[in-house]
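Structure data follow from protein_12.cif (mmCIF, C-alpha atoms):
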data_input
loop_
_atom_site.label_atom_id
_atom_site.label_comp_id
_atom_site.auth_asym_id
_atom_site.auth_seq_id
_atom_site.Cartn_x
_atom_site.Cartn_y
_atom_site.Cartn_z
CA MET A 26 93.14 68.55 102.86
CA SER A 27 95.38 69.87 100.07
CA ARG A 28 96.87 73.31 100.49
CA PHE A 29 95.37 76.36 98.85
CA GLY A 30 96.84 77.65 95.62
CA ALA A 31 99.16 80.58 96.37
CA THR A 32 97.05 83.03 94.36
CA ILE A 33 94.12 85.41 94.63
CA LEU A 34 92.44 85.72 91.23
CA ASP A 35 89.68 87.63 89.46
CA ALA A 36 87.02 86.92 86.82
CA ASP A 37 86.32 88.55 83.49
CA GLY A 38 82.66 89.44 83.91
CA LEU A 39 79.35 89.17 85.69
CA VAL A 40 79.29 85.36 85.63
CA LEU A 41 82.03 82.74 85.43
CA THR A 42 82.66 81.22 82.05
CA ALA A 43 82.90 77.44 81.75
CA ASP A 44 86.66 77.83 81.20
CA GLU A 45 87.01 79.94 84.34
CA LYS A 46 85.08 77.40 86.41
CA ALA A 47 87.35 74.59 85.21
CA PHE A 48 90.47 76.69 85.76
CA PHE A 49 89.51 77.73 89.30
CA LYS A 50 88.69 74.12 90.19
CA ASP A 51 92.15 73.06 89.04
CA ALA A 52 94.11 76.02 90.45
CA ASN A 53 92.26 76.17 93.80
CA PRO A 54 93.22 79.80 94.49
CA PHE A 55 93.21 80.89 98.12
CA GLY A 56 90.58 83.49 97.26
CA PHE A 57 89.12 85.91 94.76
CA ILE A 58 88.83 89.65 94.19
CA LEU A 59 86.00 91.58 92.52
CA PHE A 60 86.17 94.66 90.29
CA ALA A 61 83.58 97.06 88.88
CA ARG A 62 83.21 94.84 85.79
CA ASN A 63 81.96 92.07 88.10
CA ILE A 64 79.25 94.25 89.67
CA GLU A 65 75.76 94.86 88.28
CA THR A 66 72.98 94.01 90.76
CA PRO A 67 72.92 92.59 94.29
CA ASP A 68 71.50 89.24 93.17
CA GLN A 69 74.05 88.98 90.36
CA VAL A 70 76.95 89.61 92.76
CA ARG A 71 75.58 87.00 95.16
CA ARG A 72 75.40 84.46 92.31
CA LEU A 73 78.94 85.27 91.18
CA CYS A 74 80.31 84.82 94.72
CA ALA A 75 78.48 81.50 94.97
CA GLU A 76 79.90 80.40 91.61
CA MET A 77 83.43 81.24 92.72
CA ARG A 78 83.10 79.27 95.93
CA ALA A 79 81.45 76.35 94.15
CA ALA A 80 84.35 76.24 91.68
CA VAL A 81 86.87 75.59 94.47
CA GLY A 82 84.48 73.58 96.62
CA ARG A 83 84.91 75.63 99.79
CA ASP A 84 84.06 78.92 101.46
CA ALA A 85 86.93 80.82 99.83
CA PRO A 86 87.41 84.47 100.85
CA ILE A 87 86.18 87.04 98.32
CA THR A 88 87.58 90.54 98.67
CA ILE A 89 87.10 93.91 97.02
CA ASP A 90 88.45 97.47 97.14
CA GLN A 91 85.76 99.47 98.92
CA GLU A 92 87.64 102.39 100.46
CA GLY A 93 85.29 105.18 99.41
CA GLY A 94 86.00 108.07 97.09
CA ARG A 95 87.61 107.06 93.79
CA VAL A 96 88.36 103.56 95.01
CA GLN A 97 85.02 101.86 95.53
CA ARG A 98 83.71 99.11 93.30
CA LEU A 99 80.13 99.22 94.66
CA ARG A 100 78.62 102.51 93.53
CA GLY A 101 75.41 104.46 93.92
CA PRO A 102 72.52 104.47 93.61
CA THR A 103 72.41 100.79 94.58
CA TRP A 104 75.13 101.12 97.19
CA THR A 105 76.42 103.95 99.34
CA GLU A 106 78.66 106.60 97.75
CA TRP A 107 81.36 107.63 100.22
CA THR A 108 83.60 110.68 100.19
CA PRO A 109 87.37 110.02 100.00
CA PRO A 110 88.78 108.92 103.38
CA LEU A 111 90.97 112.01 103.91
CA ASP A 112 88.05 114.38 103.21
CA PHE A 113 85.76 112.32 105.45
CA ILE A 114 88.26 112.33 108.32
CA GLN A 115 88.82 116.07 108.05
CA ALA A 116 85.05 116.63 108.08
CA ALA A 117 84.66 114.44 111.16
CA GLY A 118 87.32 116.32 113.11
CA ALA A 119 87.64 115.15 116.70
CA GLN A 120 85.02 112.46 116.04
CA ALA A 121 87.03 110.85 113.24
CA GLU A 122 87.76 107.55 114.97
CA GLU A 123 84.11 106.87 115.78
CA ALA A 124 83.08 108.08 112.32
CA MET A 125 85.53 105.73 110.61
CA TYR A 126 84.28 102.80 112.68
CA LEU A 127 80.68 103.54 111.72
CA ARG A 128 81.59 104.14 108.06
CA TYR A 129 83.34 100.79 107.71
CA ARG A 130 80.72 98.97 109.76
CA LEU A 131 78.18 100.17 107.19
CA ILE A 132 80.48 99.21 104.32
CA ALA A 133 80.88 95.77 105.89
CA ALA A 134 77.10 95.38 106.04
CA GLU A 135 76.80 96.08 102.32
CA LEU A 136 79.65 93.69 101.49
CA HIS A 137 78.50 90.86 103.74
CA ASP A 138 74.99 91.06 102.29
CA LEU A 139 76.49 90.19 98.89
CA GLY A 140 78.72 87.35 100.06
CA ILE A 141 81.89 89.48 100.01
CA ASP A 142 83.94 88.88 103.16
CA GLY A 143 87.15 90.83 102.59
CA ASN A 144 87.95 94.51 102.03
CA CYS A 145 91.33 95.94 101.02
CA ALA A 146 91.39 98.45 103.88
CA PRO A 147 92.60 100.00 106.14
CA MET A 148 95.15 101.92 104.08
CA VAL A 149 97.54 103.44 106.62
CA ASP A 150 100.07 105.02 104.26
CA LEU A 151 101.06 108.46 105.56
CA ALA A 152 99.96 111.47 103.54
CA SER A 153 102.36 114.33 102.90
CA ALA A 154 102.67 117.19 100.43
CA GLU A 155 104.72 114.95 98.13
CA THR A 156 102.31 111.98 98.12
CA HIS A 157 101.17 111.23 94.57
CA THR A 158 97.62 112.32 93.79
CA PHE A 159 96.54 108.74 93.00
CA LEU A 160 97.02 107.97 96.69
CA ARG A 161 96.80 111.17 98.71
CA ASN A 162 93.08 111.57 99.48
CA ARG A 163 92.83 107.82 100.09
CA CYS A 164 95.13 108.31 103.13
CA TYR A 165 93.97 108.96 106.69
CA GLY A 166 96.46 111.72 107.57
CA GLY A 167 100.12 112.41 108.17
CA SER A 168 100.60 111.55 111.86
CA PRO A 169 101.68 107.93 112.49
CA ASP A 170 99.77 107.72 115.79
CA ALA A 171 96.57 109.26 114.45
CA VAL A 172 96.66 107.14 111.27
CA ALA A 173 97.17 103.99 113.35
CA ARG A 174 94.13 104.84 115.50
CA LEU A 175 91.99 105.53 112.44
CA GLY A 176 93.24 102.32 110.83
CA ARG A 177 92.26 100.41 113.95
CA ALA A 178 88.78 101.91 113.87
CA THR A 179 88.44 100.94 110.20
CA ALA A 180 89.56 97.37 110.83
CA SER A 181 87.30 97.04 113.86
CA GLY A 182 84.27 98.19 111.89
CA LEU A 183 84.98 95.65 109.16
CA LEU A 184 85.61 92.77 111.56
CA ALA A 185 82.40 93.56 113.50
CA GLY A 186 80.58 93.22 110.19
CA GLY A 187 82.07 89.82 109.38
CA VAL A 188 84.56 91.17 106.83
CA LEU A 189 88.33 90.55 106.85
CA PRO A 190 90.40 93.75 106.69
CA VAL A 191 93.51 93.81 104.49
CA LEU A 192 96.18 96.18 105.84
CA LYS A 193 97.86 98.12 103.04
CA HIS A 194 100.31 99.03 101.58
CA VAL A 195 102.93 97.37 103.79
CA PRO A 196 105.34 98.87 104.80
CA GLY A 197 104.16 102.30 103.59
CA HIS A 198 103.33 103.90 100.23
CA GLY A 199 102.94 107.52 101.30
CA ARG A 200 106.32 108.81 100.09
CA ALA A 201 105.64 107.60 96.54
CA THR A 202 105.79 110.45 94.02
CA LEU A 203 104.87 108.09 91.17
CA ASP A 204 101.79 105.93 90.59
CA SER A 205 102.88 102.31 91.03
CA HIS A 206 100.19 101.19 88.58
CA PHE A 207 102.45 102.64 85.88
CA ASP A 208 105.92 103.27 87.37
CA LEU A 209 108.20 102.03 90.14
CA PRO A 210 108.42 104.65 92.91
CA ARG A 211 111.66 104.95 94.87
CA VAL A 212 111.89 106.16 98.47
CA THR A 213 115.18 107.75 99.57
CA ALA A 214 114.39 108.39 103.25
CA ASP A 215 116.80 106.84 105.76
CA ALA A 216 115.96 103.66 107.62
CA GLU A 217 115.44 105.32 111.01
CA THR A 218 112.95 107.83 109.60
CA LEU A 219 111.02 105.09 107.82
CA LEU A 220 110.86 102.89 110.91
CA GLN A 221 109.72 105.71 113.19
CA GLU A 222 107.24 107.29 110.77
CA ASP A 223 106.06 105.40 107.67
CA PHE A 224 106.35 101.89 109.08
CA ALA A 225 104.92 102.78 112.52
CA PRO A 226 101.17 102.49 111.71
CA PHE A 227 101.80 99.03 110.25
CA ALA A 228 103.62 97.97 113.41
CA ALA A 229 100.69 99.23 115.49
CA LEU A 230 98.29 97.13 113.37
CA SER A 231 100.53 94.10 112.94
CA ASP A 232 97.90 91.83 114.55
CA LEU A 233 95.47 92.28 111.62
CA PRO A 234 94.82 89.03 109.74
CA MET A 235 95.98 90.06 106.26
CA GLY A 236 98.34 92.60 104.74
CA MET A 237 99.17 93.76 101.20
CA THR A 238 102.65 94.72 100.04
CA ALA A 239 103.72 97.98 98.40
CA HIS A 240 105.42 97.98 95.00
CA LEU A 241 108.03 100.51 96.14
CA VAL A 242 111.82 100.52 96.42
CA TYR A 243 113.08 101.60 99.86
CA GLU A 244 116.67 102.48 99.00
CA ALA A 245 117.79 102.42 102.63
CA PHE A 246 117.06 98.67 102.69
CA ASP A 247 117.21 97.17 99.20
CA ALA A 248 117.29 98.01 95.50
CA ARG A 249 114.35 95.71 94.78
CA PRO A 250 110.67 96.64 95.26
CA ALA A 251 109.29 95.42 98.59
CA THR A 252 107.03 92.84 96.92
CA LEU A 253 110.10 91.11 95.42
CA SER A 254 112.59 91.79 98.21
CA PRO A 255 113.52 89.15 100.81
CA ARG A 256 115.10 91.96 102.84
CA MET A 257 111.89 94.00 102.89
CA VAL A 258 109.76 90.99 103.78
CA GLU A 259 112.23 90.39 106.63
CA VAL A 260 111.66 94.00 107.74
CA ILE A 261 107.90 93.43 107.55
CA ARG A 262 108.10 90.20 109.53
CA GLU A 263 110.80 91.05 112.08
CA GLU A 264 110.96 94.83 112.56
CA ILE A 265 107.33 95.73 111.87
CA GLY A 266 106.20 92.47 113.46
CA PHE A 267 103.60 91.45 110.90
CA ASP A 268 103.49 87.64 110.89
CA ASN A 269 100.04 87.16 109.38
CA LEU A 270 99.01 86.47 105.79
CA LEU A 271 101.00 88.66 103.40
CA MET A 272 99.58 89.09 99.92
CA THR A 273 101.07 91.12 97.10
CA ASP A 274 99.43 94.15 95.63
CA ASP A 275 98.30 93.38 92.08
CA ALA A 276 101.35 91.74 90.54
CA SER A 277 100.32 92.85 87.04
CA MET A 278 101.01 96.50 87.90
CA LYS A 279 103.71 98.16 85.79
CA ALA A 280 105.91 98.89 88.83
CA LEU A 281 107.15 95.28 88.63
CA ASN A 282 109.35 94.12 85.77
CA GLY A 283 109.48 90.58 84.40
CA SER A 284 107.17 87.95 83.00
CA PRO A 285 104.06 87.03 84.99
CA GLU A 286 105.80 83.81 86.04
CA GLU A 287 108.98 85.62 87.10
CA ILE A 288 107.08 88.15 89.17
CA THR A 289 104.97 85.40 90.77
CA THR A 290 107.89 83.18 91.74
CA GLY A 291 109.93 86.22 92.80
CA ALA A 292 107.25 87.45 95.20
CA LEU A 293 106.82 84.01 96.75
CA ALA A 294 110.59 83.52 97.01
CA ALA A 295 110.85 86.89 98.75
CA GLY A 296 108.48 85.61 101.44
CA CYS A 297 105.02 86.75 100.35
CA ASP A 298 102.40 84.10 101.11
CA VAL A 299 100.06 84.65 98.17
CA VAL A 300 100.16 86.49 94.84
CA LEU A 301 97.29 88.76 93.77
CA TYR A 302 97.12 88.78 89.97
CA CYS A 303 94.37 90.78 88.26
CA ASN A 304 93.15 92.12 84.95
CA ALA A 305 94.85 89.51 82.78
CA PRO A 306 93.62 87.12 80.08
CA LEU A 307 92.79 83.58 81.15
CA ASP A 308 95.98 82.13 79.67
CA ILE A 309 98.11 84.47 81.81
CA ARG A 310 96.08 83.64 84.91
CA ARG A 311 96.76 79.97 84.17
CA ARG A 312 100.49 80.63 83.87
CA VAL A 313 100.50 82.57 87.13
CA ALA A 314 98.62 79.85 89.00
CA GLU A 315 100.97 77.17 87.67
CA ALA A 316 104.03 79.21 88.63
CA ALA A 317 102.62 79.90 92.10
CA GLY A 318 101.68 76.31 92.91
CA GLU A 319 100.40 75.57 96.38
CA MET A 320 101.03 77.61 99.50
CA THR A 321 103.97 76.67 101.69
CA GLY A 322 103.19 75.12 105.05
CA ALA A 323 103.85 78.43 106.81
CA ALA A 324 101.66 80.34 104.34
CA GLN A 325 98.86 77.80 104.71
CA ALA A 326 98.98 78.19 108.49
CA ARG A 327 98.77 81.98 108.15
CA ALA A 328 95.90 81.62 105.67
CA GLU A 329 93.93 79.40 108.02
CA ARG A 330 94.64 81.80 110.88
CA ALA A 331 93.32 84.69 108.76
CA LEU A 332 90.15 82.80 107.86
CA ALA A 333 89.52 82.12 111.55
CA HIS A 334 88.91 85.87 111.93
CA ARG A 335 85.78 85.58 109.79
CA THR A 336 82.98 85.67 112.31
CA PRO A 337 79.25 86.30 111.94
CA PRO A 338 78.40 90.02 111.93
CA ASP A 339 77.24 91.58 115.16
CA ASP A 340 73.68 92.85 115.30
CA ILE A 341 73.24 96.25 113.70
CA ASP A 342 70.36 98.54 112.91
CA ILE A 343 71.47 100.01 109.58
CA ASP A 344 69.13 103.00 109.64
CA ALA A 345 70.04 103.85 113.21
CA THR A 346 73.76 103.52 112.46
CA ARG A 347 73.44 105.82 109.43
CA ALA A 348 71.57 108.33 111.57
CA GLN A 349 74.24 108.08 114.26
CA LEU A 350 76.96 108.79 111.68
CA GLU A 351 75.04 111.71 110.19
CA THR A 352 74.50 113.21 113.64
CA LEU A 353 78.17 112.78 114.47
CA LEU A 354 79.30 114.42 111.22
CA SER A 355 76.85 117.31 111.50
CA GLY A 356 78.07 117.99 115.03
CA ALA A 357 81.74 117.90 114.04
#
Rewritten as structure tokens:
Amino acid sequence: MSRFGATILDADGLVLTADEKAFFKDANPFGFILFARNIETPDQVRRLCAEMRAAVGRDAPITIDQEGGRVQRLRGPTWTEWTPPLDFIQAAGAQAEEAMYLRYRLIAAELHDLGIDGNCAPMVDLASAETHTFLRNRCYGGSPDAVARLGRATASGLLAGGVLPVLKHVPGHGRATLDSHFDLPRVTADAETLLQEDFAPFAALSDLPMGMTAHLVYEAFDARPATLSPRMVEVIREEIGFDNLLMTDDASMKALNGSPEEITTGALAAGCDVVLYCNAPLDIRRRVAEAAGEMTGAAQARAERALAHRTPPDDIDIDATRAQLETLLSGA
């Protein structure tokens, strides 16, 4: 079997165009990601997922950002509207771990029903007073130990529902005072502080099958953003201990400078396994896929190991689980 293409790619609309089908067949991306523009009805999403997998001729992973709050691609009234994670956790109080497990088990049920088997969560970046507003209420708190426990509950709920969790943003985005969609944040904290605080939840969850890099500069380690830094990937692999599939955050974000090809080859040269490239015209997606080529042998092994974590969902009574969560929240 040939190796997967070292990319995760998106589609323009509700169905694949003929050009997209031909491109995906040729590029053979490791997987796909969905956005709000790809979502209309349950049956339409199921057809789109089937088209994507048919294009590459295999059961490719299809992921989405379904955190809750501002960052959820499946919206009401068809799907559940969730409060932002930080608000939800504060409302749950001492029951937050169980509540997060139930929340993400229910999210997994909605995703799996559509053919989506990956979710870009848990997000275990630490919240502080300085955390940029684009990120802050998406966080789980400011204590490394508590955030790690809540991240574990999130991941467990997803895995129980047959959905792969993607740990983000490795090794920690919480100190960012800029939005990396538009600017490159720089972190000036010393290495010891970062290792003991910001990086600690990622070390605690280093067994999770997939992780997503942060487009941040950690000045104590390197002048380059983590996604493009061999030194930071070494920190992720060796000091944090994450040796599973490492994907970039969206490589089209303005935090990264360079052409699409330069960013793609730079991320892979730094040690990332796969490049996520989104929201670009088809010709740029083609250039990215060509620059990325196939996964390395080590990346392919990590990819196959990640896919082995996709298991059938456990049995769940959706109505009873919703009632259990409501009871837990009302009692908090």
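The smallest atom-to-atom distance between His157 of chain A and any of A:Leu127, A:Leu189, A:Leu230, A:Ala201, using only C-alpha atoms, is found for A:Ala201.
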Mind checking which residues fall within 8 Å of segment 330-333 of chain A, counting only C-alpha atoms, ignoring those fewer than 6 positions away in the same chain, and posting them as a VMD selection string?
chain A and resid 86 189 234 to 235 269 to 270
Quick check on the file I pasted: which residues fall under the PyMOL selection byres ((chain A and resi 125) around 8)? Write them as a count of residues only.
13
Expressed in Å to a single decimal, how great is the separation between atom CA of Ala239 of chain A and atom CA of Ser205 of chain A?
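Calculated distance between atom CA of Ala239 of chain A and atom CA of Ser205 of chain A is 8.6 Å.
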Using only C-alpha atoms, determine which residues lie at most 10 Å from Ala216 of chain A, disregarding the query and same-chain residues fewer than 5 positions distant; provide the list as a PyMOL selection string.
chain A and resi 221-222+224+243-246
Residues picked by the PyMOL selection byres ((chain A and resi 303) around 8) here, as a PyMOL selection string?
chain A and resi 34-35+275-277+301-302+304-305
Proximity of segment 163-216 of chain A to segment 141-154 of chain A: per-residue shortest pair, 9 Å limit, all atoms listed in the file, as JSON lines:
{"residue": "A:Arg163", "atom": "CA", "partner": "A:Met148", "partner_atom": "CA", "distance": 7.5}
{"residue": "A:Cys164", "atom": "CA", "partner": "A:Ala152", "partner_atom": "CA", "distance": 5.8}
{"residue": "A:Tyr165", "atom": "CA", "partner": "A:Val149", "partner_atom": "CA", "distance": 6.6}
{"residue": "A:Gly166", "atom": "CA", "partner": "A:Ala152", "partner_atom": "CA", "distance": 5.3}
{"residue": "A:Gly167", "atom": "CA", "partner": "A:Ala152", "partner_atom": "CA", "distance": 4.7}
{"residue": "A:Ser168", "atom": "CA", "partner": "A:Leu151", "partner_atom": "CA", "distance": 7.0}
{"residue": "A:Pro169", "atom": "CA", "partner": "A:Leu151", "partner_atom": "CA", "distance": 7.0}
{"residue": "A:Val172", "atom": "CA", "partner": "A:Val149", "partner_atom": "CA", "distance": 6.0}
{"residue": "A:Ala173", "atom": "CA", "partner": "A:Val149", "partner_atom": "CA", "distance": 6.8}
{"residue": "A:Leu175", "atom": "CA", "partner": "A:Val149", "partner_atom": "CA", "distance": 8.3}
{"residue": "A:Gly176", "atom": "CA", "partner": "A:Pro147", "partner_atom": "CA", "distance": 5.3}
{"residue": "A:Arg177", "atom": "CA", "partner": "A:Pro147", "partner_atom": "CA", "distance": 7.8}
{"residue": "A:Ala178", "atom": "CA", "partner": "A:Pro147", "partner_atom": "CA", "distance": 8.8}
{"residue": "A:Thr179", "atom": "CA", "partner": "A:Pro147", "partner_atom": "CA", "distance": 5.9}
{"residue": "A:Ala180", "atom": "CA", "partner": "A:Pro147", "partner_atom": "CA", "distance": 6.2}
{"residue": "A:Leu183", "atom": "CA", "partner": "A:Asn144", "partner_atom": "CA", "distance": 7.8}
{"residue": "A:Gly186", "atom": "CA", "partner": "A:Asp142", "partner_atom": "CA", "distance": 8.9}
{"residue": "A:Gly187", "atom": "CA", "partner": "A:Asp142", "partner_atom": "CA", "distance": 6.6}
{"residue": "A:Val188", "atom": "CA", "partner": "A:Asp142", "partner_atom": "CA", "distance": 4.4}
{"residue": "A:Leu189", "atom": "CA", "partner": "A:Gly143", "partner_atom": "CA", "distance": 4.4}
{"residue": "A:Pro190", "atom": "CA", "partner": "A:Asn144", "partner_atom": "CA", "distance": 5.3}
{"residue": "A:Val191", "atom": "CA", "partner": "A:Cys145", "partner_atom": "CA", "distance": 4.6}
{"residue": "A:Leu192", "atom": "CA", "partner": "A:Pro147", "partner_atom": "CA", "distance": 5.2}
{"residue": "A:Lys193", "atom": "CA", "partner": "A:Met148", "partner_atom": "CA", "distance": 4.8}
{"residue": "A:His194", "atom": "CA", "partner": "A:Met148", "partner_atom": "CA", "distance": 6.4}
{"residue": "A:Val195", "atom": "CA", "partner": "A:Asp150", "partner_atom": "CA", "distance": 8.2}
{"residue": "A:Pro196", "atom": "CA", "partner": "A:Asp150", "partner_atom": "CA", "distance": 8.1}
{"residue": "A:Gly197", "atom": "CA", "partner": "A:Asp150", "partner_atom": "CA", "distance": 5.0}
{"residue": "A:His198", "atom": "CA", "partner": "A:Asp150", "partner_atom": "CA", "distance": 5.3}
{"residue": "A:Gly199", "atom": "CA", "partner": "A:Leu151", "partner_atom": "CA", "distance": 4.8}
{"residue": "A:Arg200", "atom": "CA", "partner": "A:Ser153", "partner_atom": "CA", "distance": 7.4}
Quick one: distance from atom CA of Gln97 of chain A to atom CA of Ile132 of chain A in Å, one decimal?
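Those two atoms sit 10.2 Å apart.
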For Glu263 of chain A, which residue out of A:Leu203, A:Trp104, A:Ala326, A:Ala228 is the nearest one, using all atoms listed in the file?
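Smallest separation from Glu263 of chain A among the options: A:Ala228.
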Point-to-point distance in Å for atom CA of Val258 of chain A and atom CA of Ala295 of chain A:
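Atom CA of Val258 of chain A lies at a distance of 6.6 Å from atom CA of Ala295 of chain A.
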